[in-house]
file structure.txt (compact mmCIF, C-alpha atoms)
# COMPACT_ATOMS: atom_id res chain seq x y z
CA MET A 1 12.19 8.00 -15.37
CA TRP A 2 10.14 9.44 -12.51
CA SER A 3 12.12 7.67 -9.78
CA TYR A 4 15.40 8.99 -11.21
CA ILE A 5 14.39 12.65 -11.32
CA SER A 6 12.53 12.76 -7.98
CA HIS A 7 13.98 12.64 -4.48
CA GLY A 8 13.95 9.77 -2.00
CA HIS A 9 14.24 6.80 -4.39
CA GLY A 10 18.04 6.36 -4.50
CA LYS A 11 18.03 3.28 -2.25
CA GLN A 12 15.33 1.60 -4.33
CA ILE A 13 17.21 2.30 -7.59
CA LEU A 14 20.54 1.01 -6.24
CA LEU A 15 18.87 -2.14 -4.86
CA ASN A 16 17.22 -2.86 -8.21
CA ILE A 17 20.58 -2.46 -9.95
CA ALA A 18 22.54 -4.51 -7.40
CA LEU A 19 20.02 -7.36 -7.39
CA PHE A 20 20.57 -8.04 -11.11
CA ILE A 21 24.39 -7.80 -11.15
CA PRO A 22 24.83 -11.50 -10.18
CA LEU A 23 22.15 -12.50 -12.71
CA GLY A 24 23.97 -10.57 -15.45
CA PHE A 25 27.24 -12.24 -14.48
CA PHE A 26 25.87 -15.79 -14.68
CA LEU A 27 23.79 -15.13 -17.82
CA THR A 28 26.90 -13.83 -19.58
CA SER A 29 28.69 -17.03 -18.57
CA ALA A 30 25.81 -19.15 -19.86
CA PHE A 31 25.70 -17.38 -23.25
CA SER A 32 29.47 -16.84 -23.63
CA ARG A 33 29.69 -19.25 -26.58
CA SER A 34 26.53 -18.10 -28.36
CA LYS A 35 26.57 -16.03 -31.55
CA ARG A 36 25.20 -13.03 -29.63
CA PRO A 37 26.97 -13.09 -26.22
CA VAL A 38 25.86 -9.53 -25.41
CA LEU A 39 22.27 -9.51 -26.68
CA TRP A 40 21.05 -12.76 -25.07
CA PRO A 41 22.12 -11.99 -21.48
CA ILE A 42 20.52 -8.53 -21.56
CA LEU A 43 17.36 -9.83 -23.25
CA SER A 44 17.10 -12.68 -20.73
CA ALA A 45 17.56 -10.28 -17.81
CA LEU A 46 14.85 -8.04 -19.28
CA LEU A 47 12.44 -10.97 -19.53
CA VAL A 48 13.16 -11.93 -15.90
CA SER A 49 12.54 -8.33 -14.83
CA VAL A 50 9.27 -8.17 -16.79
CA ALA A 51 8.15 -11.41 -15.11
CA VAL A 52 8.91 -9.92 -11.68
CA GLU A 53 7.01 -6.70 -12.43
CA VAL A 54 3.97 -8.55 -13.83
CA THR A 55 3.96 -10.83 -10.78
CA GLN A 56 3.95 -7.77 -8.52
CA PHE A 57 0.97 -6.37 -10.41
CA PHE A 58 -1.14 -9.51 -10.05
CA THR A 59 -0.17 -10.33 -6.45
CA TYR A 60 -0.33 -6.81 -4.94
CA ARG A 61 3.35 -7.18 -3.95
CA GLY A 62 5.03 -3.90 -4.82
CA MET A 63 4.30 -1.77 -7.88
CA LEU A 64 4.64 -2.45 -11.60
CA ASP A 65 7.18 0.18 -12.65
CA VAL A 66 9.01 0.68 -15.95
CA ASP A 67 11.86 2.37 -14.04
CA ASP A 68 12.56 -0.96 -12.34
CA LEU A 69 13.05 -2.58 -15.76
CA ILE A 70 15.65 0.08 -16.60
CA SER A 71 17.46 -0.38 -13.27
CA ASN A 72 17.42 -4.18 -13.58
CA CYS A 73 18.90 -4.06 -17.09
CA CYS A 74 21.61 -1.65 -15.88
CA GLY A 75 22.44 -4.15 -13.14
CA ALA A 76 22.62 -7.01 -15.66
CA ALA A 77 24.92 -4.92 -17.87
CA ALA A 78 27.18 -4.26 -14.86
CA GLY A 79 27.31 -8.01 -14.19
CA MET A 80 28.27 -8.59 -17.82
CA LEU A 81 31.13 -6.08 -17.56
CA ILE A 82 32.38 -7.76 -14.36
CA TYR A 83 32.35 -11.14 -16.14
CA LYS A 84 34.37 -9.77 -19.06
CA ALA A 85 36.83 -8.02 -16.72
CA VAL A 86 37.41 -11.20 -14.70
CA GLY A 87 37.71 -13.20 -17.92
CA LYS A 88 40.77 -11.21 -18.94
CA LEU A 89 42.62 -12.34 -15.80
CA SER A 90 42.56 -16.02 -16.86
CA ARG A 91 43.08 -17.30 -13.32
CA ASP A 92 41.03 -20.20 -11.96
CA ASP A 93 41.18 -19.00 -8.35
CA VAL A 94 39.78 -15.58 -9.34
CA TRP A 95 36.98 -17.25 -11.29
CA LYS A 96 35.98 -19.42 -8.32
CA TRP A 97 36.18 -16.54 -5.87
CA THR A 98 34.13 -14.20 -8.11
CA GLY A 99 31.48 -16.81 -8.80
CA ARG A 100 30.99 -17.55 -5.11
CA VAL A 101 30.76 -13.85 -4.29
CA MET A 102 28.16 -13.33 -7.01
CA LEU A 103 26.09 -16.31 -5.85
CA THR A 104 26.22 -15.17 -2.22
CA ALA A 105 25.36 -11.58 -3.15
CA GLY A 106 22.39 -12.75 -5.22
CA LEU A 107 21.00 -14.84 -2.36
CA ILE A 108 21.46 -12.00 0.16
CA GLY A 109 19.78 -9.58 -2.24
CA CYS A 110 16.77 -11.86 -2.63
CA ILE A 111 16.46 -12.16 1.15
CA MET A 112 16.71 -8.36 1.57
CA VAL A 113 13.83 -7.91 -0.86
CA ALA A 114 11.64 -10.82 0.25
CA VAL A 115 11.67 -10.39 4.04
CA PRO A 116 10.47 -6.73 4.16
CA ALA A 117 7.81 -7.54 1.55
CA ALA A 118 6.51 -10.42 3.67
CA LYS A 119 6.39 -8.23 6.78
CA SER A 120 4.85 -5.16 5.13
CA ASN A 121 1.36 -4.04 6.11
CA ILE A 122 -1.01 -5.33 3.43
CA SER A 123 -4.10 -3.52 4.75
CA THR A 124 -2.96 -0.05 3.68
CA ARG A 125 -2.07 -1.15 0.16
CA ILE A 126 -5.26 -3.12 -0.29
CA THR A 127 -7.38 -0.24 0.98
CA GLU A 128 -6.02 1.81 -1.89
CA GLN A 129 -6.72 -0.81 -4.56
CA PHE A 130 -10.37 -1.81 -4.24
CA GLN A 131 -13.64 -0.21 -3.29
CA PHE A 132 -15.75 -1.81 -0.57
CA PHE A 133 -19.02 -0.42 0.69
CA ILE A 134 -21.88 -1.92 2.71
CA SER A 135 -25.26 -0.33 2.03
CA SER A 136 -27.42 -2.33 4.46
CA VAL A 137 -27.26 -4.95 7.21
CA THR A 138 -30.16 -7.09 8.45
CA LEU A 139 -30.19 -9.44 11.42
CA ASP A 140 -32.79 -12.20 11.44
CA ASP A 141 -31.90 -15.87 11.71
CA LYS A 142 -28.70 -14.96 9.89
CA LEU A 143 -26.72 -11.81 9.23
CA GLY A 144 -27.56 -10.36 5.80
CA ILE A 145 -25.17 -7.94 4.13
CA VAL A 146 -25.72 -5.96 0.90
CA GLY A 147 -22.97 -3.85 -0.62
CA GLU A 148 -20.58 -3.35 -3.52
CA CYS A 149 -17.02 -4.42 -4.15
CA TYR A 150 -14.72 -3.95 -7.15
CA LEU A 151 -11.11 -3.25 -8.10
CA TYR A 152 -10.22 0.17 -9.47
CA ASP A 153 -7.54 -0.66 -12.02
CA ARG A 154 -8.35 -4.10 -13.46
CA PRO A 155 -11.28 -6.51 -14.01
CA THR A 156 -12.59 -7.76 -10.67
CA PRO A 157 -12.03 -11.52 -10.20
CA ASP A 158 -14.59 -13.71 -8.45
CA TYR A 159 -14.65 -13.16 -4.69
CA THR A 160 -16.28 -14.30 -1.48
CA ILE A 161 -17.04 -12.45 1.75
CA TYR A 162 -15.82 -13.49 5.21
CA VAL A 163 -17.38 -12.28 8.47
CA GLY A 164 -15.37 -12.73 11.65
CA GLY A 165 -13.05 -15.09 9.79
CA ALA A 166 -15.90 -17.40 8.71
CA LEU A 167 -16.88 -17.87 5.06
CA ALA A 168 -20.21 -16.23 4.18
CA THR A 169 -22.57 -17.35 1.42
CA THR A 170 -21.85 -14.76 -1.27
CA VAL A 171 -23.78 -13.89 -4.44
CA VAL A 172 -22.05 -11.41 -6.77
CA ASP A 173 -24.02 -9.36 -9.32
CA GLY A 174 -21.68 -7.03 -11.19
CA GLU A 175 -20.26 -4.55 -8.69
CA LYS A 176 -22.85 -5.46 -6.06
CA PHE A 177 -22.97 -8.44 -3.71
CA ARG A 178 -25.24 -10.10 -1.16
CA ALA A 179 -23.86 -12.23 1.65
CA GLU A 180 -25.28 -14.29 4.51
CA ALA A 181 -23.32 -15.32 7.60
CA GLU A 182 -23.82 -16.43 11.18
CA ALA A 183 -24.10 -13.45 13.55
CA SER A 184 -21.34 -13.30 16.18
CA GLY A 185 -21.18 -9.91 17.89
CA LYS A 186 -18.82 -7.32 16.44
CA ALA A 187 -16.94 -8.91 13.55
CA GLU A 188 -14.59 -7.71 10.83
CA VAL A 189 -15.71 -8.10 7.22
CA GLN A 190 -13.07 -9.43 4.83
CA VAL A 191 -12.97 -10.22 1.13
CA LYS A 192 -11.12 -12.97 -0.74
CA PHE A 193 -10.57 -12.44 -4.45
CA ARG A 194 -9.91 -15.58 -6.46
CA GLY A 195 -6.17 -16.20 -6.44
CA PHE A 196 -5.43 -13.86 -3.51
CA PRO A 197 -5.35 -14.18 0.29
CA VAL A 198 -8.18 -13.03 2.55
CA MET A 199 -7.94 -9.23 2.77
CA PRO A 200 -9.24 -6.65 5.26
CA THR A 201 -11.93 -4.22 4.13
CA GLY A 202 -11.79 -1.77 7.03
CA VAL A 203 -15.43 -2.49 7.89
CA TRP A 204 -16.87 -4.11 11.01
CA ILE A 205 -20.44 -5.35 11.62
CA ASN A 206 -21.84 -4.87 15.11
CA GLY A 207 -25.40 -6.17 15.19
CA GLU A 208 -27.08 -4.10 12.48
CA ARG A 209 -24.55 -1.28 12.82
CA ILE A 210 -21.68 -0.63 10.41
CA GLU A 211 -18.47 0.53 12.08
CA TYR A 212 -15.00 1.37 10.77
CA VAL A 213 -12.65 0.82 13.71
CA ALA A 214 -11.81 -2.20 15.82
CA GLY A 215 -12.56 -2.44 19.54
CA ASP A 216 -15.11 -0.52 21.58
CA VAL A 217 -15.93 2.69 19.73
CA PRO A 218 -15.43 5.84 21.86
CA VAL A 219 -18.53 7.96 22.37
CA ILE A 220 -17.71 11.65 21.79
CA LYS A 221 -20.48 14.17 22.45
CA GLY A 222 -20.66 17.41 20.50
CA LEU A 223 -19.83 16.06 17.05
CA PRO A 224 -22.02 16.68 13.97
CA GLU A 225 -24.82 14.13 13.78
CA ASP A 226 -23.62 12.60 10.48
CA ALA A 227 -19.92 12.39 11.36
CA VAL A 228 -18.60 8.82 11.03
CA LEU A 229 -15.53 7.62 12.93
CA LYS A 230 -13.03 6.26 10.37
CA ALA A 231 -9.73 6.00 12.27
CA TRP A 232 -8.85 5.82 15.96
CA SER A 233 -5.65 5.46 17.94
CA GLU A 234 -6.16 4.93 21.65
CA GLU A 235 -2.41 5.12 22.23
CA TYR A 236 -2.12 8.58 20.64
CA ASP A 237 -5.57 9.75 21.76
CA THR A 238 -6.62 10.65 18.22
CA LEU A 239 -9.83 10.15 16.25
CA VAL A 240 -10.55 10.97 12.59
CA TYR A 241 -14.13 11.43 11.40
CA GLN A 242 -15.60 11.89 7.95
CA ASP A 243 -18.40 14.44 7.88
CA GLY A 244 -19.61 14.73 4.30
CA ASP A 245 -16.86 16.35 2.24
CA ARG A 246 -14.54 17.11 5.16
CA LEU A 247 -12.38 15.35 7.73
CA LEU A 248 -12.52 16.20 11.42
CA TRP A 249 -9.41 15.44 13.47
CA LEU A 250 -9.82 15.14 17.23
CA ILE A 251 -6.34 15.24 18.74
CA GLY A 252 -5.52 15.00 22.44
CA THR A 253 -3.81 17.99 24.02
CA GLU A 254 -0.66 16.04 24.94
CA ILE A 255 0.60 15.74 21.34
CA ASP A 256 4.13 17.15 21.03
CA LYS A 257 4.40 20.53 19.26
CA LYS A 258 6.94 19.05 16.82
CA THR A 259 4.45 16.44 15.63
CA GLU A 260 3.09 16.90 12.13
CA VAL A 261 -0.22 15.38 11.08
CA ILE A 262 0.15 13.81 7.63
CA TYR A 263 -2.41 12.30 5.30
CA HIS A 264 -2.04 10.72 1.88
CA ILE A 265 -5.08 11.08 -0.37
CA HIS A 266 -5.43 8.26 -2.89
CA THR A 267 -7.45 8.33 -6.10
CA ASP A 268 -8.28 6.22 -9.13
CA GLU A 269 -7.73 9.36 -11.25
CA PRO A 270 -4.02 10.04 -10.62
CA GLU A 271 -3.75 12.12 -13.79
CA LYS A 272 -5.93 14.77 -12.09
CA LEU A 273 -3.64 15.19 -9.09
CA PRO A 274 -1.59 18.38 -8.64
CA GLU A 275 1.31 18.31 -11.12
CA LYS A 276 4.01 17.61 -8.53
CA ARG A 277 2.02 14.66 -7.12
CA VAL A 278 1.09 12.84 -10.34
CA GLN A 279 4.29 10.78 -10.32
CA TYR A 280 3.46 9.36 -6.86
CA GLY A 281 -0.18 8.48 -7.55
CA PHE A 282 -1.45 10.16 -4.37
CA ASP A 283 -1.66 13.63 -2.83
CA ASN A 284 0.41 14.39 0.27
CA ARG A 285 -0.90 16.89 2.84
CA GLY A 286 -0.37 17.78 6.47
CA PHE A 287 -0.41 20.36 9.25
CA ARG A 288 1.17 21.04 12.63
CA ALA A 289 -1.05 19.83 15.43
CA GLY A 290 1.18 21.36 18.12
CA ALA A 291 0.86 24.97 16.97
CA GLU A 292 -0.81 27.37 19.42
CA ARG A 293 -3.57 28.08 16.93
CA ALA A 294 -3.45 26.01 13.77
CA GLU A 295 -5.17 26.88 10.51
CA ASN A 296 -8.75 25.60 10.28
CA GLU A 297 -8.87 24.75 13.97
CA LEU A 298 -12.42 24.59 15.37
CA GLU A 299 -13.73 24.92 18.89
CA PRO A 300 -12.48 22.10 21.16
CA ILE A 301 -14.69 19.13 22.04
CA ASP A 302 -14.11 17.71 25.50
CA HIS A 303 -10.31 17.68 25.93
CA TYR A 304 -9.68 17.34 22.16
CA ARG A 305 -8.44 20.00 19.78
CA VAL A 306 -10.51 19.79 16.58
CA PHE A 307 -9.04 20.40 13.12
CA GLU A 308 -11.05 20.59 9.90
CA ARG A 309 -9.68 19.60 6.49
CA GLY A 310 -11.71 19.42 3.28
CA ILE A 311 -11.66 16.37 1.03
CA PRO A 312 -10.46 17.50 -2.44
CA GLU A 313 -13.05 17.79 -5.19
CA GLY A 314 -10.70 17.98 -8.19
CA TYR A 315 -10.35 14.17 -8.38
CA ASN A 316 -12.21 11.12 -7.11
CA VAL A 317 -10.88 10.26 -3.63
CA THR A 318 -10.85 6.52 -2.92
CA ALA A 319 -8.87 6.19 0.32
CA ILE A 320 -6.93 8.20 2.88
CA VAL A 321 -3.92 7.12 4.92
CA VAL A 322 -3.44 9.19 8.07
CA GLY A 323 -0.65 9.39 10.61
CA PHE A 324 1.84 11.37 12.68
CA ASN A 325 5.35 12.40 11.68
CA THR A 326 7.55 13.06 14.71
CA ASP A 327 11.14 14.09 13.90
CA GLY A 328 11.00 12.14 10.64
CA ALA A 329 9.57 8.95 12.18
CA ILE A 330 6.02 7.76 11.48
CA THR A 331 4.63 7.13 14.96
CA TRP A 332 1.08 6.18 13.97
CA ASN A 333 -0.72 5.43 10.73
CA ASP A 334 -4.09 4.09 9.69
CA SER A 335 -6.14 3.97 6.52
CA PHE A 336 -9.76 4.11 5.49
CA ARG A 337 -11.96 4.36 2.43
CA ILE A 338 -13.93 7.40 1.37
CA GLU A 339 -17.53 6.78 0.34
call {"tool": "encode", "arguments": {"input": "structure.txt", "output": "structure tokens"}}
result
Amino acid sequence: MWSYISHGHGKQILLNIALFIPLGFFLTSAFSRSKRPVLWPILSALLVSVAVEVTQFFTYRGMLDVDDLISNCCGAAAGMLIYKAVGKLSRDDVWKWTGRVMLTAGLIGCIMVAVPAAKSNISTRITEQFQFFISSVTLDDKLGIVGECYLYDRPTPDYTIYVGGALATTVVDGEKFRAEAEASGKAEVQVKFRGFPVMPTGVWINGERIEYVAGDVPVIKGLPEDAVLKAWSEEYDTLVYQDGDRLLWLIGTEIDKKTEVIYHIHTDEPEKLPEKRVQYGFDNRGFRAGAERAENELEPIDHYRVFERGIPEGYNVTAIVVGFNTDGAITWNDSFRIE
């Protein structure tokens, strides 16, 4: 019942209920002459809902959630009640009108759910769901890559590595892999699990260098020697580095004082999160970049203000999603893995 007792999920709950009202209506019609005209429609709706949730789990589309099963069954029950209420009117024109409305509503509901899902950004979700790390790169006749790749929450299916969109020869040994590909300048590394589309890893190969952002990497002098650039927005003049167990934010001086820096910390140990965050599966943190002197602000580098934030040690951190919140609107976000 987490979505019912927490804030911000009302729209999702109502949509899950509304989407199954037409299904409940037509299932009740289909089973109206059976010996159990109440049980079979609800049970059928539950099975459909379970199929949807399981499909989401295995296709990375959405989240498997017991609360959705409850909402879907409530919607089916509402559709059943509408059917019984219309049945008492005994008018053919009302039956035809109601049936057409239900069919139209069901189609519109499916479109409302399917279109945003198709347009959603897969890279952030995937970054949270599997580990990918390259330990070494060699460049001889071919590009040689050694690393590890595995899913956090389920057995890892067979997979192959792509470099710059081209299939690499991949040998998998447990969590580790070796891959060979043609060298072609700076190229993104992708992974394709059996049964899934090609997915971004957030890693680029540039010669024998491993990089974590697209495009030409900015050169910033004055940073710690081991700091690794993990996220970069040229538009918002912001860079995020990982330096051991801390993050360093370099934020241009033109950022509005109302802008809040936000970052979601993901883990494969959600039960160890702070109590109020367990239900979400990730930790939510942030700070005001526009304050005159923010907490944990370091000496500036070049024209950038520098902010330091530690990576939590109470749970295993797998990925971080970073961004800006300006007057309630997310104006920039990016994601990266923590090694």
call {"tool": "residues_around", "arguments": {"input": "structure.txt", "residues": "Lys230 (chain A)", "least_positions_apart": "2", "cutoff": "8 Å", "atoms": "all atoms listed in the file", "output": "VMD selection string"}}
result
chain A and resid 212 to 213 228 232 239 to 242 336
call {"tool": "residues_around", "arguments": {"input": "structure.txt", "residues": "region 296-300 of chain A", "least_positions_apart": "5", "cutoff": "9 Å", "atoms": "only C-alpha atoms", "output": "PyMOL selection string"}}
result
chain A and resi 250+305-309
call {"tool": "closest_residue", "arguments": {"input": "structure.txt", "among": "A:Trp97, A:Tyr236, A:Tyr150, A:Tyr162", "to": "Glu175 (chain A)", "atoms": "only C-alpha atoms"}}
result
A:Tyr150
call {"tool": "closest_residue", "arguments": {"input": "structure.txt", "among": "A:Thr170, A:Thr238, A:Gln129, A:Thr138", "to": "His266 (chain A)", "atoms": "only C-alpha atoms"}}
result
A:Gln129
call {"tool": "atom_distance", "arguments": {"input": "structure.txt", "atom1": "CA of Ala179 (chain A)", "atom2": "CA of Thr267 (chain A)"}}
result
27.4 Å
